[in-house]
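J.: Below is the file final_1.txt, which contains compact mmCIF, C-alpha atoms and all ligand atoms.
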```txt
# COMPACT_ATOMS: atom_id res chain seq x y z
CA MET N 1 32.37 -8.11 -12.05
CA SER N 2 32.37 -8.53 -8.30
CA PRO N 3 29.61 -6.77 -6.35
CA ALA N 4 32.40 -4.77 -4.66
CA GLU N 5 33.39 -3.11 -7.96
CA PHE N 6 29.77 -2.07 -8.56
CA ASP N 7 29.48 -0.63 -5.00
CA ARG N 8 32.83 1.11 -5.28
CA TYR N 9 31.95 2.70 -8.61
CA PHE N 10 28.87 4.38 -7.12
CA HIS N 11 30.56 5.16 -3.82
CA ASP N 12 33.12 7.23 -5.77
CA ARG N 13 30.47 8.93 -7.90
CA ALA N 14 27.59 9.33 -5.45
CA SER N 15 27.38 13.15 -5.53
CA ARG N 16 27.87 13.30 -9.29
CA PHE N 17 25.09 10.76 -9.87
CA ALA N 18 22.74 12.41 -7.33
CA ALA N 19 23.24 15.76 -9.12
CA PHE N 20 21.30 14.46 -12.16
CA TYR N 21 18.13 14.74 -10.05
CA ARG N 22 18.63 18.45 -9.25
CA SER N 23 17.19 19.70 -12.52
CA GLU N 24 14.97 17.62 -14.76
CA ALA N 25 15.29 20.16 -17.60
CA LEU N 26 19.08 20.04 -17.49
CA SER N 27 19.16 16.27 -17.21
CA ARG N 28 16.85 15.94 -20.22
CA LEU N 29 19.15 18.23 -22.16
CA ILE N 30 22.08 15.85 -21.60
CA GLY N 31 20.07 12.70 -22.35
CA ARG N 32 19.35 11.70 -18.73
CA GLY N 33 15.56 12.19 -19.00
CA PRO N 34 14.88 8.44 -18.60
CA LEU N 35 15.99 8.74 -14.94
CA PHE N 36 12.85 10.80 -14.38
CA ASP N 37 10.66 8.63 -16.61
CA ARG N 38 11.55 5.50 -14.66
CA LEU N 39 10.91 7.25 -11.33
CA ARG N 40 7.47 8.43 -12.45
CA GLY N 41 6.63 5.06 -13.98
CA SER N 42 7.52 3.30 -10.72
CA VAL N 43 5.45 5.69 -8.64
CA ASP N 44 2.48 5.16 -11.01
CA ILE N 45 2.69 1.38 -10.62
CA VAL N 46 3.13 1.55 -6.82
CA THR N 47 0.15 3.91 -6.60
CA ALA N 48 -2.04 1.76 -8.86
CA LEU N 49 -1.28 -1.24 -6.62
CA HIS N 50 -2.24 0.74 -3.46
CA ALA N 51 1.06 -0.32 -1.94
CA THR N 52 1.87 0.86 1.58
CA HIS N 53 5.46 -0.39 1.95
CA VAL N 54 8.09 -0.47 -0.81
CA LEU N 55 11.59 -2.00 -0.83
CA ASP N 56 13.93 0.25 -2.85
CA VAL N 57 16.92 -1.91 -3.85
CA GLY N 58 20.03 0.14 -4.68
CA CYS N 59 18.19 3.27 -3.52
CA GLY N 60 21.16 5.53 -4.29
CA SER N 61 20.63 9.06 -3.00
CA GLY N 62 16.90 8.31 -2.54
CA PRO N 63 15.13 9.97 -5.49
CA LEU N 64 12.15 7.65 -4.94
CA PHE N 65 11.72 8.58 -1.28
CA ALA N 66 9.92 11.92 -1.69
CA PRO N 67 7.32 10.92 -4.29
CA LEU N 68 6.48 7.73 -2.38
CA ALA N 69 6.58 9.12 1.18
CA GLU N 70 4.52 12.16 0.17
CA GLY N 71 1.92 9.74 -1.17
CA GLY N 72 1.79 7.93 2.18
CA VAL N 73 3.97 4.96 1.15
CA ARG N 74 6.68 3.77 3.57
CA VAL N 75 10.04 2.99 1.97
CA THR N 76 12.93 0.77 3.02
CA GLY N 77 15.98 1.69 0.96
CA LEU N 78 19.01 -0.62 0.64
CA ASP N 79 22.39 0.38 -0.69
CA PRO N 80 25.89 -0.87 0.12
CA ALA N 81 27.86 2.19 -1.12
CA PRO N 82 28.68 4.31 1.96
CA ALA N 83 28.53 7.65 0.12
CA MET N 84 25.11 6.78 -1.35
CA VAL N 85 23.84 5.65 2.06
CA ALA N 86 24.96 8.99 3.56
CA LEU N 87 23.02 10.94 0.89
CA ALA N 88 19.99 8.66 1.29
CA GLN N 89 19.98 9.17 5.06
CA VAL N 90 19.88 12.95 4.61
CA GLU N 91 16.97 12.55 2.18
CA ALA N 92 15.19 10.11 4.54
CA GLN N 93 15.29 12.69 7.36
CA ARG N 94 13.04 14.92 5.24
CA HIS N 95 10.28 12.30 5.60
CA PRO N 96 10.14 11.47 9.32
CA GLY N 97 8.81 8.01 10.10
CA MET N 98 8.34 7.11 6.44
CA VAL N 99 11.79 6.03 5.20
CA THR N 100 14.40 3.63 6.57
CA VAL N 101 17.82 3.35 4.94
CA GLN N 102 19.86 0.18 5.38
CA ASP N 103 23.50 -0.25 4.56
CA ARG N 104 23.32 -3.60 2.73
CA GLY N 105 23.38 -4.97 -0.79
CA TRP N 106 20.75 -7.01 -2.58
CA GLU N 107 22.73 -10.18 -1.82
CA ALA N 108 21.49 -9.82 1.77
CA ILE N 109 17.76 -9.66 0.95
CA GLU N 110 16.29 -12.50 3.00
CA GLU N 111 12.81 -11.15 3.69
CA THR N 112 9.69 -12.98 2.55
CA ASP N 113 6.49 -11.04 1.84
CA ALA N 114 7.75 -8.10 3.88
CA TYR N 115 6.79 -5.44 1.28
CA ASP N 116 4.04 -4.80 -1.27
CA VAL N 117 6.43 -3.88 -4.08
CA ALA N 118 10.20 -4.25 -4.53
CA VAL N 119 11.73 -1.65 -6.87
CA ALA N 120 15.23 -1.57 -8.42
CA LEU N 121 16.06 1.38 -10.68
CA GLY N 122 19.42 1.42 -12.42
CA VAL N 123 20.56 -1.75 -10.68
CA PHE N 124 20.00 -4.71 -13.05
CA ASP N 125 22.24 -2.87 -15.52
CA TYR N 126 25.25 -4.02 -13.46
CA VAL N 127 24.12 -7.39 -12.07
CA ASP N 128 25.78 -10.49 -13.54
CA GLU N 129 23.19 -12.92 -12.11
CA PRO N 130 19.89 -11.10 -12.68
CA ALA N 131 17.68 -14.14 -11.98
CA VAL N 132 19.09 -14.43 -8.45
CA LEU N 133 18.26 -10.79 -7.72
CA LEU N 134 14.83 -10.96 -9.36
CA GLU N 135 13.99 -14.13 -7.41
CA ALA N 136 15.02 -12.49 -4.12
CA MET N 137 12.88 -9.43 -4.92
CA GLY N 138 9.95 -11.65 -5.89
CA ARG N 139 10.19 -13.42 -2.52
CA ALA N 140 10.38 -10.13 -0.62
CA ALA N 141 7.28 -8.69 -2.37
CA PRO N 142 4.53 -9.99 -4.69
CA HIS N 143 5.26 -7.22 -7.21
CA VAL N 144 8.61 -6.16 -8.63
CA VAL N 145 9.34 -3.02 -10.66
CA ALA N 146 12.76 -2.65 -12.25
CA SER N 147 14.53 -0.81 -15.05
CA PHE N 148 16.59 -2.61 -17.69
CA PRO N 149 18.78 -1.02 -20.37
CA ALA N 150 18.24 -2.09 -23.98
CA PRO N 151 21.05 -3.27 -26.26
CA GLY N 152 22.17 -0.69 -28.83
CA LEU N 153 24.66 2.10 -29.40
CA ARG N 154 23.81 3.86 -26.13
CA LEU N 155 24.54 0.65 -24.19
CA ARG N 156 27.75 -0.02 -26.14
CA LEU N 157 29.04 3.44 -25.24
CA ARG N 158 28.23 2.80 -21.57
CA GLN N 159 29.94 -0.60 -21.76
CA VAL N 160 33.12 1.10 -22.96
CA ARG N 161 32.91 3.90 -20.37
CA TYR N 162 32.12 1.68 -17.36
CA GLY N 163 34.17 -1.29 -18.64
CA ALA N 164 37.33 0.79 -18.38
CA ARG N 165 36.62 0.88 -14.62
CA GLY N 166 35.85 -2.82 -14.28
CA VAL N 167 32.04 -2.47 -14.22
CA HIS N 168 30.03 -4.60 -16.68
CA VAL N 169 26.77 -3.26 -18.10
CA HIS N 170 24.11 -5.71 -19.39
CA GLY N 171 21.41 -5.07 -22.01
CA TYR N 172 17.99 -6.75 -22.28
CA ARG N 173 15.49 -7.23 -25.09
CA ALA N 174 11.80 -7.79 -24.34
CA ASP N 175 12.26 -11.56 -24.93
CA ASP N 176 15.14 -11.64 -22.45
CA LEU N 177 12.91 -10.05 -19.82
CA HIS N 178 10.14 -12.63 -20.31
CA ARG N 179 12.72 -15.44 -20.02
CA LEU N 180 14.30 -13.80 -16.97
CA ALA N 181 10.87 -13.56 -15.30
CA GLN N 182 10.23 -17.25 -15.97
CA ARG N 183 13.61 -18.27 -14.54
CA SER N 184 12.82 -16.26 -11.41
CA GLY N 185 9.34 -17.75 -10.92
CA LEU N 186 7.57 -14.53 -12.01
CA VAL N 187 5.66 -13.19 -15.01
CA ALA N 188 6.27 -9.91 -16.80
CA LEU N 189 2.93 -8.06 -16.57
CA GLU N 190 4.12 -4.94 -18.36
CA LEU N 191 7.25 -3.73 -20.15
CA ARG N 192 7.04 0.07 -20.40
CA PRO N 193 9.45 1.40 -23.03
CA LEU N 194 11.84 4.09 -21.79
CA GLY N 195 12.82 5.21 -25.28
CA ARG N 196 16.40 4.24 -26.14
CA ALA N 197 17.07 3.67 -22.45
CA GLY N 198 15.26 0.30 -22.35
CA TYR N 199 12.31 -0.81 -20.25
CA LEU N 200 10.63 -0.31 -16.95
CA ALA N 201 9.33 -3.80 -16.17
CA HIS N 202 6.51 -4.79 -13.82
CA PHE N 203 6.78 -8.43 -12.70
CA ALA N 204 4.45 -10.37 -10.44
CA ARG N 205 3.98 -13.89 -9.13
CA PRO N 206 1.96 -16.06 -11.53
CA GLY N 207 -1.75 -15.85 -10.73
CA GLY N 208 -1.01 -13.26 -8.03
C1 LIG N 301 22.66 3.73 -11.05
S1 LIG N 301 22.56 3.85 -9.30
C2 LIG N 301 20.79 4.00 -9.12
C3 LIG N 301 20.39 4.60 -7.81
C4 LIG N 301 18.88 4.85 -7.66
N1 LIG N 301 18.13 3.62 -7.68
C5 LIG N 301 18.39 5.79 -8.73
O1 LIG N 301 17.52 5.40 -9.52
O2 LIG N 301 18.88 6.93 -8.77
C6 LIG N 301 22.87 2.17 -8.80
C7 LIG N 301 22.86 1.99 -7.29
O3 LIG N 301 23.05 0.60 -6.98
C8 LIG N 301 23.86 0.54 -5.82
N2 LIG N 301 24.47 -0.79 -5.64
C9 LIG N 301 25.74 -1.18 -5.91
N3 LIG N 301 25.92 -2.47 -5.54
C10 LIG N 301 24.74 -2.89 -5.04
C11 LIG N 301 24.30 -4.11 -4.44
N4 LIG N 301 25.10 -5.15 -4.33
N5 LIG N 301 23.02 -4.17 -3.99
C12 LIG N 301 22.20 -3.10 -4.08
N6 LIG N 301 22.56 -1.93 -4.64
C13 LIG N 301 23.81 -1.82 -5.10
C14 LIG N 301 24.87 1.63 -6.06
O4 LIG N 301 25.56 1.97 -4.87
C15 LIG N 301 23.99 2.73 -6.60
O5 LIG N 301 23.49 3.53 -5.57
```
Can you give me the file's structure in the form of structure tokens?
Ligand SMILES: C[S@@+](CC[C@H](N)C(=O)[O-])C[C@H]1O[C@@H](n2cnc3c(N)ncnc32)[C@H](O)[C@@H]1O
T.:
Amino acid sequence: MSPAEFDRYFHDRASRFAAFYRSEALSRLIGRGPLFDRLRGSVDIVTALHATHVLDVGCGSGPLFAPLAEGGVRVTGLDPAPAMVALAQVEAQRHPGMVTVQDRGWEAIEETDAYDVAVALGVFDYVDEPAVLLEAMGRAAPHVVASFPAPGLRLRLRQVRYGARGVHVHGYRADDLHRLAQRSGLVALELRPLGRAGYLAHFARPGG
């Protein structure tokens, strides 16, 4: 899948995807609870690390902005889908001076040690070369937090649904995540299960 198909998919569905965050109770009812679990898990890790600046890769409509900015953490959000960037900019305005939104994809991450933590929620699902992205995030920040879907029926159903629109979805077992970390020059410090939805992984540089 080309990165353009992934961007396009979320550009077309930005409002629909952002709507899942309007009501946690409703989202849980329709099986979207892990969206909230991965947000909370990321905020917990960022807080435990006393981070002051976070890179949010594929920030979408910006559901991470409020919990981080309200805790005093600055956020730089990246997303290449114009409709997502527009929603993220509206959300960023609610946190003056704390959030910057940039219209670019992860392929353009060139920073080194510019952040304390790089986060990617719901992004590795669609990335065909995950080690390249993880390596770029690990250069940009000493800690990386990212969600990964697990193989299984839930993933197969998503593969059919998204595949019909040219978007590939990838699944990861715990072993895959340890191997991926190694290929990217990182170690997996923690793999938090997200139920059937997979893992929230915390990676760091070895010995860091
Ligand atoms: C499933 S959404 C997740 C959004 C947000 N992180 C969240 O948890 O709600 C995936 C996001 O990745 C973005 N995306 C698509 N291509 C990308 C790329 N090349 N680099 C970074 N993000 C990308 C999409 O536009 C979309 O906003």
J.: If you measure from atom CA of N:Ala131 to atom CA of N:His178, what distance in Å do you get, rounded to one decimal?
T.: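 Answer for the atom CA of N:Ala131 to atom CA of N:His178 separation: 11.3 Å.
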J.: Pick the closest to N:Gly77 from N:Val57, N:Met137, N:Leu29, N:Val123: which is it, counting only C-alpha atoms?
T.: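 Among the listed residues, N:Val57 lies closest to N:Gly77.
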J.: Please report as CSV every residue of chain N lying within 9 Å of ligand LIG 301 (chain N), along with the nearest atom pair and their distance in Å (one decimal), using all atoms listed in the file.
T.:
```
residue,atom,partner,partner_atom,distance
N:Ser2,CA,N:LIG301,N4,8.9
N:Pro3,CA,N:LIG301,N4,5.2
N:Ala4,CA,N:LIG301,N3,6.9
N:Glu5,CA,N:LIG301,N3,7.9
N:Phe6,CA,N:LIG301,C9,4.9
N:Asp7,CA,N:LIG301,C9,3.9
N:Arg8,CA,N:LIG301,O4,7.3
N:Tyr9,CA,N:LIG301,O4,7.4
N:Phe10,CA,N:LIG301,O4,4.7
N:His11,CA,N:LIG301,O4,6.0
N:Ala14,CA,N:LIG301,O5,7.1
N:Phe17,CA,N:LIG301,O2,7.4
N:Ala18,CA,N:LIG301,O2,6.9
N:Phe20,CA,N:LIG301,O2,8.6
N:Tyr21,CA,N:LIG301,O2,7.9
N:Leu35,CA,N:LIG301,O1,6.5
N:Phe36,CA,N:LIG301,O1,8.6
N:Arg38,CA,N:LIG301,O1,7.9
N:Leu39,CA,N:LIG301,O1,7.1
N:Asp56,CA,N:LIG301,N1,7.2
N:Val57,CA,N:LIG301,C12,5.4
N:Gly58,CA,N:LIG301,N6,3.3
N:Cys59,CA,N:LIG301,N1,4.2
N:Gly60,CA,N:LIG301,O5,3.3
N:Ser61,CA,N:LIG301,O2,6.4
N:Gly62,CA,N:LIG301,C4,6.5
N:Pro63,CA,N:LIG301,O2,5.8
N:Leu64,CA,N:LIG301,O1,7.4
N:Leu78,CA,N:LIG301,C12,6.2
N:Asp79,CA,N:LIG301,N6,4.6
N:Pro80,CA,N:LIG301,C10,5.7
N:Ala81,CA,N:LIG301,O4,4.4
N:Pro82,CA,N:LIG301,O4,7.9
N:Ala83,CA,N:LIG301,O4,8.1
N:Met84,CA,N:LIG301,O5,5.6
N:Val85,CA,N:LIG301,O5,7.9
N:Arg104,CA,N:LIG301,N5,6.8
N:Gly105,CA,N:LIG301,N5,3.3
N:Trp106,CA,N:LIG301,N5,3.9
N:Glu107,CA,N:LIG301,N4,6.1
N:Ala108,CA,N:LIG301,N5,8.2
N:Val119,CA,N:LIG301,N1,8.3
N:Ala120,CA,N:LIG301,N1,6.0
N:Leu121,CA,N:LIG301,N1,4.3
N:Gly122,CA,N:LIG301,C1,4.2
N:Val123,CA,N:LIG301,C6,4.9
N:Phe124,CA,N:LIG301,C6,8.6
N:Asp125,CA,N:LIG301,C1,8.0
N:Tyr126,CA,N:LIG301,C9,8.1
N:Val127,CA,N:LIG301,N4,8.1
N:Leu133,CA,N:LIG301,N5,9.0
N:Ser147,CA,N:LIG301,O1,8.8
```
J.: Per residue of stretch 73-154 of chain N within 9 Å of stretch 180-195 of chain N, which atom pair is closest and at what distance in Å (one decimal), using all atoms listed in the file, listed by chain and increasing number, as a Markdown table?
T.:
```
| residue | atom | partner | partner_atom | distance |
| --- | --- | --- | --- | --- |
| N:Pro130 | CA | N:Leu180 | CA | 7.5 |
| N:Ala131 | CA | N:Ser184 | CA | 5.3 |
| N:Val132 | CA | N:Ser184 | CA | 7.2 |
| N:Leu133 | CA | N:Ser184 | CA | 8.6 |
| N:Leu134 | CA | N:Ser184 | CA | 6.0 |
| N:Glu135 | CA | N:Ser184 | CA | 4.7 |
| N:Ala136 | CA | N:Ser184 | CA | 8.5 |
| N:Gly138 | CA | N:Leu186 | CA | 7.2 |
| N:Ser147 | CA | N:Leu194 | CA | 8.8 |
| N:Pro149 | CA | N:Leu194 | CA | 8.7 |
```
J.: Enclose stretch 58-66 of chain N, meaning all of its atoms listed in the file, in a box aligned along x, y and z, pad it by 5 Å on each side, and list the centre and edge lengths in Å to one decimal, as lines of an AutoDock Vina configuration file.
T.:
```
center_x = 15.5
center_y = 6.0
center_z = -3.4
size_x = 21.2
size_y = 21.8
size_z = 14.2
```
J.: Show me, as a PyMOL selection string, the residues that have an atom within 12 Å of N:Val99 when counting only C-alpha atoms, minus same-chain residues fewer than 3 positions from it.
T.: chain N and resi 52-56+59+62-70+72-78+88-96+102
J.: Return the single residue from N:His143, N:His170, N:Arg13, N:Arg156 that is closest to N:Arg205, with distances computed using only C-alpha atoms.
T.: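 Counting only C-alpha atoms, the residue closest to N:Arg205 is N:His143.
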J.: Under the rule that all atoms listed in the file are counted, which of N:Leu26, N:Val167, N:Val144, N:Ala150 is the nearest residue to N:Ala197?
T.: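 Of all the options, N:Ala150 lies closest to N:Ala197.
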J.: Would you list the contacts of N:Ala141 as a PyMOL selection string, taking every protein, DNA or RNA residue within 7 Å and counting only C-alpha atoms, but skipping same-chain residues closer than 6 positions in sequence?
T.: chain N and resi 112-118
J.: One decimal, in Å: what's the spacing between atom CA of N:Arg32 and atom CA of N:Gln159?
T.: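 Distance reported for this atom pair: 16.5 Å.
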J.: For the atom pair atom CA of N:Gly71 and atom CA of N:Phe148, what is the interatomic distance in Å to one decimal place?
T.: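 Calculated distance between atom CA of N:Gly71 and atom CA of N:Phe148 is 25.3 Å.
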